[in-house]
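Okay, run.cif now, which holds mmCIF, C-alpha atoms:
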```cif
data_final
loop_
_atom_site.label_atom_id
_atom_site.label_comp_id
_atom_site.auth_asym_id
_atom_site.auth_seq_id
_atom_site.Cartn_x
_atom_site.Cartn_y
_atom_site.Cartn_z
CA ASP U 1 0.00 0.00 0.00
CA THR U 2 1.63 3.24 -1.12
CA GLY U 3 -0.89 5.59 0.48
CA VAL U 4 -0.73 7.52 3.75
CA SER U 5 -0.83 5.23 6.77
CA GLN U 6 -1.62 5.99 10.39
CA ASP U 7 -1.10 4.00 13.55
CA PRO U 8 -2.94 3.09 15.66
CA ARG U 9 -6.35 3.18 13.99
CA HIS U 10 -8.15 3.30 17.31
CA LYS U 11 -7.01 4.39 20.74
CA ILE U 12 -8.98 4.37 23.98
CA THR U 13 -7.33 6.08 26.90
CA LYS U 14 -8.22 7.40 30.30
CA ARG U 15 -8.32 11.10 31.01
CA GLY U 16 -4.92 12.38 32.05
CA GLN U 17 -2.90 9.83 30.11
CA ASN U 18 -0.53 10.69 27.28
CA VAL U 19 -1.02 9.31 23.79
CA THR U 20 1.13 9.33 20.66
CA PHE U 21 0.02 8.78 17.09
CA ARG U 22 2.14 8.08 14.06
CA CYS U 23 1.70 9.07 10.43
CA ASP U 24 3.66 7.72 7.48
CA PRO U 25 3.12 9.92 4.42
CA ILE U 26 3.49 8.95 0.78
CA SER U 27 7.23 8.53 0.38
CA GLU U 28 7.97 11.36 -2.04
CA HIS U 29 5.68 13.87 -0.32
CA ASN U 30 7.53 16.66 1.48
CA ARG U 31 4.46 18.26 3.10
CA LEU U 32 2.61 16.72 6.01
CA TYR U 33 -0.51 18.00 7.74
CA TRP U 34 -2.37 17.01 10.90
CA TYR U 35 -6.11 17.61 11.27
CA ARG U 36 -8.73 16.87 13.87
CA GLN U 37 -12.26 15.87 12.85
CA THR U 38 -15.23 15.58 15.14
CA LEU U 39 -18.67 14.23 14.28
CA GLY U 40 -20.56 16.46 11.89
CA GLN U 41 -17.58 18.71 11.18
CA GLY U 42 -15.01 19.05 8.48
CA PRO U 43 -11.34 18.45 9.25
CA GLU U 44 -9.79 21.24 11.33
CA PHE U 45 -6.17 22.12 10.70
CA LEU U 46 -3.74 21.50 13.57
CA THR U 47 -0.22 21.76 12.19
CA TYR U 48 1.87 21.49 9.03
CA PHE U 49 5.41 20.38 8.18
CA GLN U 50 7.51 20.96 5.12
CA ASN U 51 10.23 18.34 5.29
CA GLU U 52 11.29 18.34 8.96
CA ALA U 53 10.34 21.96 9.65
CA GLN U 54 7.08 22.68 11.45
CA LEU U 55 5.96 25.79 9.59
CA GLU U 56 2.53 26.49 10.94
CA LYS U 57 0.43 25.66 13.98
CA SER U 58 -3.24 26.36 14.58
CA ARG U 59 -4.34 28.11 17.74
CA LEU U 60 -6.35 24.91 18.28
CA LEU U 61 -3.04 23.25 19.09
CA SER U 62 -2.77 23.82 22.84
CA ASP U 63 0.47 23.36 24.74
CA ARG U 64 -0.63 19.80 25.51
CA PHE U 65 -0.19 18.93 21.84
CA SER U 66 3.18 18.49 20.19
CA ALA U 67 4.12 17.22 16.77
CA GLU U 68 7.42 16.19 15.28
CA ARG U 69 8.78 15.07 11.95
CA PRO U 70 12.41 14.42 12.84
CA LYS U 71 13.78 13.16 9.55
CA GLY U 72 11.26 14.66 7.21
CA SER U 73 9.53 11.32 6.72
CA PHE U 74 7.08 10.00 9.33
CA SER U 75 5.50 12.28 11.91
CA THR U 76 4.21 11.83 15.44
CA LEU U 77 1.48 13.74 17.25
CA GLU U 78 1.53 13.54 21.04
CA ILE U 79 -1.25 14.65 23.33
CA GLN U 80 -0.32 15.02 26.98
CA ARG U 81 -2.77 14.90 29.88
CA THR U 82 -5.66 13.96 27.61
CA GLU U 83 -9.08 15.45 28.23
CA GLN U 84 -12.50 14.17 27.16
CA GLY U 85 -12.69 17.04 24.69
CA ASP U 86 -9.73 15.57 22.85
CA SER U 87 -11.90 12.68 21.67
CA ALA U 88 -11.93 12.93 17.88
CA MET U 89 -10.58 11.47 14.68
CA TYR U 90 -7.01 12.63 14.05
CA LEU U 91 -6.22 12.73 10.35
CA CYS U 92 -2.88 13.05 8.67
CA ALA U 93 -2.46 14.16 5.07
CA SER U 94 0.51 14.61 2.78
CA SER U 95 1.22 16.44 -0.43
CA VAL U 96 4.13 17.26 -2.65
CA SER U 97 5.51 20.63 -3.61
CA THR U 98 8.32 21.08 -6.07
CA GLY U 99 8.72 24.72 -5.15
CA LYS U 100 8.05 25.80 -8.71
CA ARG U 101 4.76 27.48 -9.50
CA GLU U 102 3.90 25.19 -12.37
CA GLY U 103 4.98 22.15 -10.37
CA HIS U 104 2.73 22.74 -7.39
CA SER U 105 0.42 19.91 -6.54
CA TYR U 106 -2.34 21.16 -4.29
CA GLU U 107 -3.94 17.79 -3.63
CA GLN U 108 -3.68 16.42 -0.12
CA TYR U 109 -3.84 12.67 0.35
CA PHE U 110 -5.42 11.67 3.64
CA GLY U 111 -4.64 8.73 5.85
CA PRO U 112 -7.36 6.57 7.41
CA GLY U 113 -7.15 8.45 10.71
CA THR U 114 -6.69 7.52 14.35
CA ARG U 115 -9.90 7.56 16.36
CA LEU U 116 -9.18 8.68 19.91
CA THR U 117 -11.64 8.07 22.72
CA VAL U 118 -10.86 9.59 26.09
CA THR U 119 -12.86 8.08 28.94
CA GLY I 1 -8.92 33.89 8.94
CA GLU I 2 -10.95 32.10 6.30
CA ASN I 3 -14.51 31.01 7.04
CA VAL I 4 -16.29 28.49 4.81
CA GLU I 5 -20.03 27.96 5.04
CA GLN I 6 -21.58 24.90 3.38
CA HIS I 7 -25.23 24.13 2.61
CA PRO I 8 -27.26 22.05 2.90
CA SER I 9 -26.08 19.87 5.76
CA THR I 10 -28.17 16.96 4.45
CA LEU I 11 -29.37 16.31 0.92
CA SER I 12 -31.63 13.44 -0.03
CA VAL I 13 -32.28 12.66 -3.71
CA GLN I 14 -33.63 9.87 -5.85
CA GLU I 15 -31.27 7.91 -8.04
CA GLY I 16 -30.84 9.70 -11.35
CA ASP I 17 -31.60 13.16 -9.96
CA SER I 18 -29.05 15.95 -9.77
CA ALA I 19 -27.53 17.19 -6.53
CA VAL I 20 -26.10 20.62 -5.83
CA ILE I 21 -24.02 21.60 -2.80
CA LYS I 22 -23.12 25.23 -2.21
CA CYS I 23 -20.29 26.88 -0.31
CA THR I 24 -19.32 30.44 0.46
CA TYR I 25 -15.97 31.73 1.63
CA SER I 26 -14.86 34.94 3.28
CA ASP I 27 -11.21 35.49 2.29
CA SER I 28 -10.98 37.10 -1.14
CA ALA I 29 -7.36 35.93 -1.34
CA SER I 30 -8.43 32.27 -1.44
CA ASN I 31 -7.67 30.87 -4.86
CA TYR I 32 -7.91 27.08 -4.62
CA PHE I 33 -11.12 25.22 -3.89
CA PRO I 34 -11.08 21.43 -3.52
CA TRP I 35 -14.01 19.13 -2.89
CA TYR I 36 -13.57 15.95 -0.86
CA LYS I 37 -15.81 12.90 -0.59
CA GLN I 38 -15.78 10.92 2.64
CA GLU I 39 -17.60 7.61 2.75
CA LEU I 40 -18.61 6.26 6.13
CA GLY I 41 -15.56 5.18 8.10
CA LYS I 42 -13.17 6.06 5.31
CA ARG I 43 -10.66 8.81 4.60
CA PRO I 44 -11.56 12.00 2.72
CA GLN I 45 -10.65 11.77 -0.97
CA LEU I 46 -10.34 14.59 -3.46
CA ILE I 47 -12.96 14.34 -6.20
CA ILE I 48 -12.56 17.64 -8.02
CA ASP I 49 -10.90 21.01 -7.50
CA ILE I 50 -10.94 24.42 -9.11
CA ARG I 51 -8.54 27.34 -9.13
CA SER I 52 -9.60 30.95 -9.12
CA ASN I 53 -8.56 31.58 -12.72
CA VAL I 54 -11.28 29.19 -13.90
CA GLY I 55 -15.05 29.60 -13.62
CA GLU I 56 -16.13 26.02 -14.16
CA LYS I 57 -14.61 22.56 -14.31
CA LYS I 58 -16.21 19.24 -15.23
CA ASP I 59 -15.21 15.64 -14.76
CA GLN I 60 -17.78 13.16 -16.05
CA ARG I 61 -20.84 13.45 -13.78
CA ILE I 62 -19.40 16.05 -11.43
CA ALA I 63 -18.76 19.73 -12.00
CA VAL I 64 -17.72 22.66 -9.90
CA THR I 65 -18.50 26.32 -10.52
CA LEU I 66 -16.84 29.33 -8.95
CA ASN I 67 -18.08 32.89 -8.64
CA LYS I 68 -15.17 34.95 -7.32
CA THR I 69 -17.15 38.16 -7.10
CA ALA I 70 -19.80 36.62 -4.89
CA LYS I 71 -17.25 34.37 -3.15
CA HIS I 72 -19.21 31.20 -3.64
CA PHE I 73 -18.62 27.87 -5.33
CA SER I 74 -20.82 24.87 -5.93
CA LEU I 75 -20.57 21.15 -6.59
CA HIS I 76 -22.96 19.64 -9.10
CA ILE I 77 -23.51 15.90 -9.42
CA THR I 78 -25.69 14.70 -12.27
CA GLU I 79 -27.35 11.30 -12.70
CA THR I 80 -26.73 10.43 -9.07
CA GLN I 81 -26.12 6.82 -8.12
CA PRO I 82 -26.39 5.09 -4.72
CA GLU I 83 -22.59 4.90 -4.56
CA ASP I 84 -22.50 8.71 -4.56
CA SER I 85 -23.93 8.56 -1.03
CA ALA I 86 -21.29 10.05 1.27
CA VAL I 87 -20.35 13.24 3.10
CA TYR I 88 -18.97 15.92 0.80
CA PHE I 89 -16.70 18.69 2.08
CA CYS I 90 -15.81 21.88 0.31
CA ALA I 91 -12.66 23.77 1.23
CA ALA I 92 -10.88 27.00 0.42
CA SER I 93 -7.20 27.81 0.59
CA ARG I 94 -4.71 30.25 -0.82
CA SER I 95 -1.34 29.93 -2.38
CA GLY I 96 1.66 31.52 -0.76
CA GLY I 97 3.23 28.51 0.84
CA SER I 98 1.16 26.13 2.86
CA TYR I 99 -2.12 25.64 0.95
CA ILE I 100 -3.83 24.88 4.23
CA PRO I 101 -7.52 24.37 3.45
CA THR I 102 -10.38 25.59 5.60
CA PHE I 103 -13.16 23.03 5.33
CA GLY I 104 -16.90 23.45 5.38
CA ARG I 105 -18.97 21.41 7.81
CA GLY I 106 -19.94 18.87 5.21
CA THR I 107 -23.06 17.76 3.35
CA SER I 108 -24.42 14.28 3.85
CA LEU I 109 -25.74 13.17 0.45
CA ILE I 110 -28.16 10.26 0.44
CA VAL I 111 -29.11 8.77 -2.92
CA HIS I 112 -32.16 6.55 -2.72
CA PRO I 113 -32.33 3.70 -5.25
#
```

Starting from the file, lay out its structure as structure tokens.
Amino acid sequence: DTGVSQDPRHKITKRGQNVTFRCDPISEHNRLYWYRQTLGQGPEFLTYFQNEAQLEKSRLLSDRFSAERPKGSFSTLEIQRTEQGDSAMYLCASSVSTGKREGHSYEQYFGPGTRLTVT
Amino acid sequence: GENVEQHPSTLSVQEGDSAVIKCTYSDSASNYFPWYKQELGKRPQLIIDIRSNVGEKKDQRIAVTLNKTAKHFSLHITETQPEDSAVYFCAASRSGGSYIPTFGRGTSLIVHP
């Protein structure tokens, strides 16, 4: 499977615990995005990487959330001291940018998501 | 920041009818408008997109129109089939680096056989 993969697919945790999710983008994609999706809503942007650099973070991303992409390939999203309000689907997406105007690919390819339930 | 409104939230049609989903956006600098289809329990997938230098784009049974002046864009699906049943999301983004889309809240399309 050459698409975006995410692990785990489901995570149930107790309030106050820390959780970490992993995203493996399509191999040649240099851009990686994290989103959160709750029932009845569209994906909400959390953060974005170009290669290993984290270039943008949403104000939705509280200080309990941290994301890394250490080698510019896979990424991890950690949530510390989880709260019930963190229950959601966490989606990762990747895209490619050549840096040239005519070479831009705008399409984002989404992973299957990690469904987090905080009890 | 950008704000995208999407209507209706639910759309029920008979097989073979047309379906139209409408979105408005607030940031006049937005210039890329993708539409995603998300089937139950699956990932969102791009079905069509349009850039601001184009007013309309078609791909078989689906088409998207864009009115930059009014800041609205629409998805049109003709000859609907039961497999078109899904949640459809519109989004708006602008070039200048990140192409981070702001999504609408989604439209649940139900096509009755």

For region 30-44 of chain U, I'd like the enclosing box, axis-aligned and padded by 4 Å on every side, reported as JSON with centre and edge lengths in Å to one decimal.
```
{"center_x": -6.5, "center_y": 17.7, "center_z": 8.3, "size_x": 36.1, "size_y": 15.0, "size_z": 21.7}
```

Report as number ranges by chain the set of chain U residues whose atoms approach chain I to within 10 Å, with distances computed over all atoms listed in the file. U: 31, 33, 39-50, 55-56, 91-93, 95, 97, 99, 101, 104-113

What would the selection look like, as a PyMOL selection string, if the PyMOL selection byres ((chain I and resi 82) around 10) were run on the coordinates I just shared? chain I and resi 13-16+80-81+83-86+109-113

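Note that CA of Lys71 (chain U) and CA of Arg115 (chain U) are 25.3 Å apart.
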
Which polymer residues have any atom within 9 Å of an atom of Ala67 (chain U), counting all atoms listed in the file, with same-chain residues fewer than 5 positions away left out, as a VMD selection string? chain U and resid 34 47 54 75 to 79

In file coordinates, which residues lie within 10 Å of (3.2, 8.4, 2.6) using all atoms listed in the file, given as a list in words? Asp1, Thr2, Gly3, Val4, Ser5, Gln6, Cys23, Asp24, Pro25, Ile26, Ser27, Glu28, His29, Asn30, Arg31, Leu32, Ser73, Phe74, Cys92, Ala93, Ser94, Ser95, Tyr109, Phe110 and Gly111 of chain U

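CA of Gln37 (chain U) is positioned 5.1 Å from CA of Met89 (chain U).
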
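CA of Ala70 (chain I) is found 29.4 Å from CA of Arg36 (chain U).
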
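Residue selection for this entry, given the PyMOL selection byres ((chain U and resi 13) around 12), comprises His10, Lys11, Ile12, Lys14, Arg15, Gly16, Gln17, Asn18, Val19, Thr20, Ile79, Gln80, Arg81, Thr82, Glu83, Gln84, Asp86, Ser87, Arg115, Leu116, Thr117, Val118 and Thr119 of chain U.
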
Can you translate the PyMOL selection byres ((chain I and resi 5) around 8) into the concrete residues it hits in this file, as a ChimeraX atom specification? /I:3-4,6-7,23-25,104-105

Deliver the residues from the most recent selection as a file, using C-alpha atoms, as a PDB file, in the coordinates of the input.
```pdb
ATOM      1  CA  ASN I   3     -14.510  31.010   7.040  1.00  0.00           C
ATOM      2  CA  VAL I   4     -16.290  28.490   4.810  1.00  0.00           C
ATOM      3  CA  GLN I   6     -21.580  24.900   3.380  1.00  0.00           C
ATOM      4  CA  HIS I   7     -25.230  24.130   2.610  1.00  0.00           C
ATOM      5  CA  CYS I  23     -20.290  26.880  -0.310  1.00  0.00           C
ATOM      6  CA  THR I  24     -19.320  30.440   0.460  1.00  0.00           C
ATOM      7  CA  TYR I  25     -15.970  31.730   1.630  1.00  0.00           C
ATOM      8  CA  GLY I 104     -16.900  23.450   5.380  1.00  0.00           C
ATOM      9  CA  ARG I 105     -18.970  21.410   7.810  1.00  0.00           C
TER      10      ARG I 105
END
```

Return region 21-32 of chain I, completed with all heavy atoms, as an mmCIF file, keeping the file's coordinate frame.
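Produced file result33.cif, reproduced below:
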```cif
data_model
loop_
_atom_site.group_PDB
_atom_site.id
_atom_site.type_symbol
_atom_site.label_atom_id
_atom_site.label_comp_id
_atom_site.auth_asym_id
_atom_site.auth_seq_id
_atom_site.Cartn_x
_atom_site.Cartn_y
_atom_site.Cartn_z
ATOM 1 N N ILE I 21 -24.499 21.194 -4.123
ATOM 2 C CA ILE I 21 -24.020 21.600 -2.800
ATOM 3 C C ILE I 21 -23.313 22.937 -2.955
ATOM 4 O O ILE I 21 -22.507 23.104 -3.870
ATOM 5 C CB ILE I 21 -23.053 20.555 -2.215
ATOM 6 C CG1 ILE I 21 -23.747 19.182 -2.122
ATOM 7 C CG2 ILE I 21 -22.549 20.983 -0.844
ATOM 8 C CD1 ILE I 21 -22.802 18.035 -1.792
ATOM 9 N N LYS I 22 -23.641 23.864 -2.058
ATOM 10 C CA LYS I 22 -23.120 25.230 -2.210
ATOM 11 C C LYS I 22 -22.239 25.623 -1.033
ATOM 12 O O LYS I 22 -22.520 25.257 0.115
ATOM 13 C CB LYS I 22 -24.290 26.209 -2.319
ATOM 14 C CG LYS I 22 -25.166 25.953 -3.531
ATOM 15 C CD LYS I 22 -26.285 26.967 -3.662
ATOM 16 C CE LYS I 22 -27.117 26.684 -4.901
ATOM 17 N NZ LYS I 22 -28.203 27.675 -5.089
ATOM 18 N N CYS I 23 -21.197 26.371 -1.338
ATOM 19 C CA CYS I 23 -20.290 26.880 -0.310
ATOM 20 C C CYS I 23 -19.980 28.337 -0.547
ATOM 21 O O CYS I 23 -19.925 28.780 -1.696
ATOM 22 C CB CYS I 23 -18.987 26.080 -0.293
ATOM 23 S SG CYS I 23 -19.191 24.395 0.303
ATOM 24 N N THR I 24 -19.803 29.067 0.542
ATOM 25 C CA THR I 24 -19.320 30.440 0.460
ATOM 26 C C THR I 24 -18.044 30.556 1.277
ATOM 27 O O THR I 24 -17.836 29.785 2.222
ATOM 28 C CB THR I 24 -20.362 31.442 0.993
ATOM 29 O OG1 THR I 24 -20.630 31.138 2.380
ATOM 30 C CG2 THR I 24 -21.655 31.369 0.206
ATOM 31 N N TYR I 25 -17.205 31.500 0.895
ATOM 32 C CA TYR I 25 -15.970 31.730 1.630
ATOM 33 C C TYR I 25 -15.809 33.208 1.900
ATOM 34 O O TYR I 25 -16.471 34.036 1.269
ATOM 35 C CB TYR I 25 -14.763 31.155 0.868
ATOM 36 C CG TYR I 25 -14.508 31.764 -0.492
ATOM 37 C CD1 TYR I 25 -13.545 32.751 -0.668
ATOM 38 C CD2 TYR I 25 -15.206 31.332 -1.613
ATOM 39 C CE1 TYR I 25 -13.289 33.298 -1.917
ATOM 40 C CE2 TYR I 25 -14.968 31.877 -2.866
ATOM 41 C CZ TYR I 25 -14.009 32.852 -3.011
ATOM 42 O OH TYR I 25 -13.770 33.393 -4.259
ATOM 43 N N SER I 26 -14.948 33.538 2.846
ATOM 44 C CA SER I 26 -14.860 34.940 3.280
ATOM 45 C C SER I 26 -13.589 35.630 2.815
ATOM 46 O O SER I 26 -13.588 36.861 2.654
ATOM 47 C CB SER I 26 -14.945 35.001 4.808
ATOM 48 O OG SER I 26 -13.880 34.274 5.399
ATOM 49 N N ASP I 27 -12.510 34.882 2.602
ATOM 50 C CA ASP I 27 -11.210 35.490 2.290
ATOM 51 C C ASP I 27 -11.052 35.638 0.777
ATOM 52 O O ASP I 27 -10.917 34.646 0.057
ATOM 53 C CB ASP I 27 -10.093 34.607 2.863
ATOM 54 C CG ASP I 27 -8.715 35.229 2.710
ATOM 55 O OD1 ASP I 27 -8.588 36.273 2.013
ATOM 56 O OD2 ASP I 27 -7.762 34.686 3.269
ATOM 57 N N SER I 28 -11.071 36.863 0.309
ATOM 58 C CA SER I 28 -10.980 37.100 -1.140
ATOM 59 C C SER I 28 -9.640 36.666 -1.714
ATOM 60 O O SER I 28 -9.498 36.553 -2.931
ATOM 61 C CB SER I 28 -11.231 38.589 -1.444
ATOM 62 O OG SER I 28 -10.317 39.395 -0.731
ATOM 63 N N ALA I 29 -8.659 36.403 -0.857
ATOM 64 C CA ALA I 29 -7.360 35.930 -1.340
ATOM 65 C C ALA I 29 -7.344 34.419 -1.589
ATOM 66 O O ALA I 29 -6.391 33.903 -2.178
ATOM 67 C CB ALA I 29 -6.268 36.292 -0.336
ATOM 68 N N SER I 30 -8.374 33.717 -1.163
ATOM 69 C CA SER I 30 -8.430 32.270 -1.440
ATOM 70 C C SER I 30 -8.500 32.038 -2.929
ATOM 71 O O SER I 30 -9.244 32.732 -3.642
ATOM 72 C CB SER I 30 -9.640 31.642 -0.733
ATOM 73 O OG SER I 30 -9.434 31.600 0.654
ATOM 74 N N ASN I 31 -7.730 31.083 -3.413
ATOM 75 C CA ASN I 31 -7.670 30.870 -4.860
ATOM 76 C C ASN I 31 -7.658 29.407 -5.264
ATOM 77 O O ASN I 31 -7.441 29.076 -6.426
ATOM 78 C CB ASN I 31 -6.455 31.591 -5.454
ATOM 79 C CG ASN I 31 -5.163 31.158 -4.807
ATOM 80 O OD1 ASN I 31 -5.138 30.266 -3.977
ATOM 81 N ND2 ASN I 31 -4.077 31.810 -5.199
ATOM 82 N N TYR I 32 -7.866 28.509 -4.297
ATOM 83 C CA TYR I 32 -7.910 27.080 -4.620
ATOM 84 C C TYR I 32 -9.031 26.458 -3.809
ATOM 85 O O TYR I 32 -9.114 26.646 -2.588
ATOM 86 C CB TYR I 32 -6.565 26.424 -4.302
ATOM 87 C CG TYR I 32 -6.576 24.928 -4.466
ATOM 88 C CD1 TYR I 32 -6.779 24.346 -5.719
ATOM 89 C CD2 TYR I 32 -6.399 24.079 -3.378
ATOM 90 C CE1 TYR I 32 -6.811 22.973 -5.876
ATOM 91 C CE2 TYR I 32 -6.430 22.713 -3.532
ATOM 92 C CZ TYR I 32 -6.627 22.156 -4.776
ATOM 93 O OH TYR I 32 -6.653 20.802 -4.926
#
```
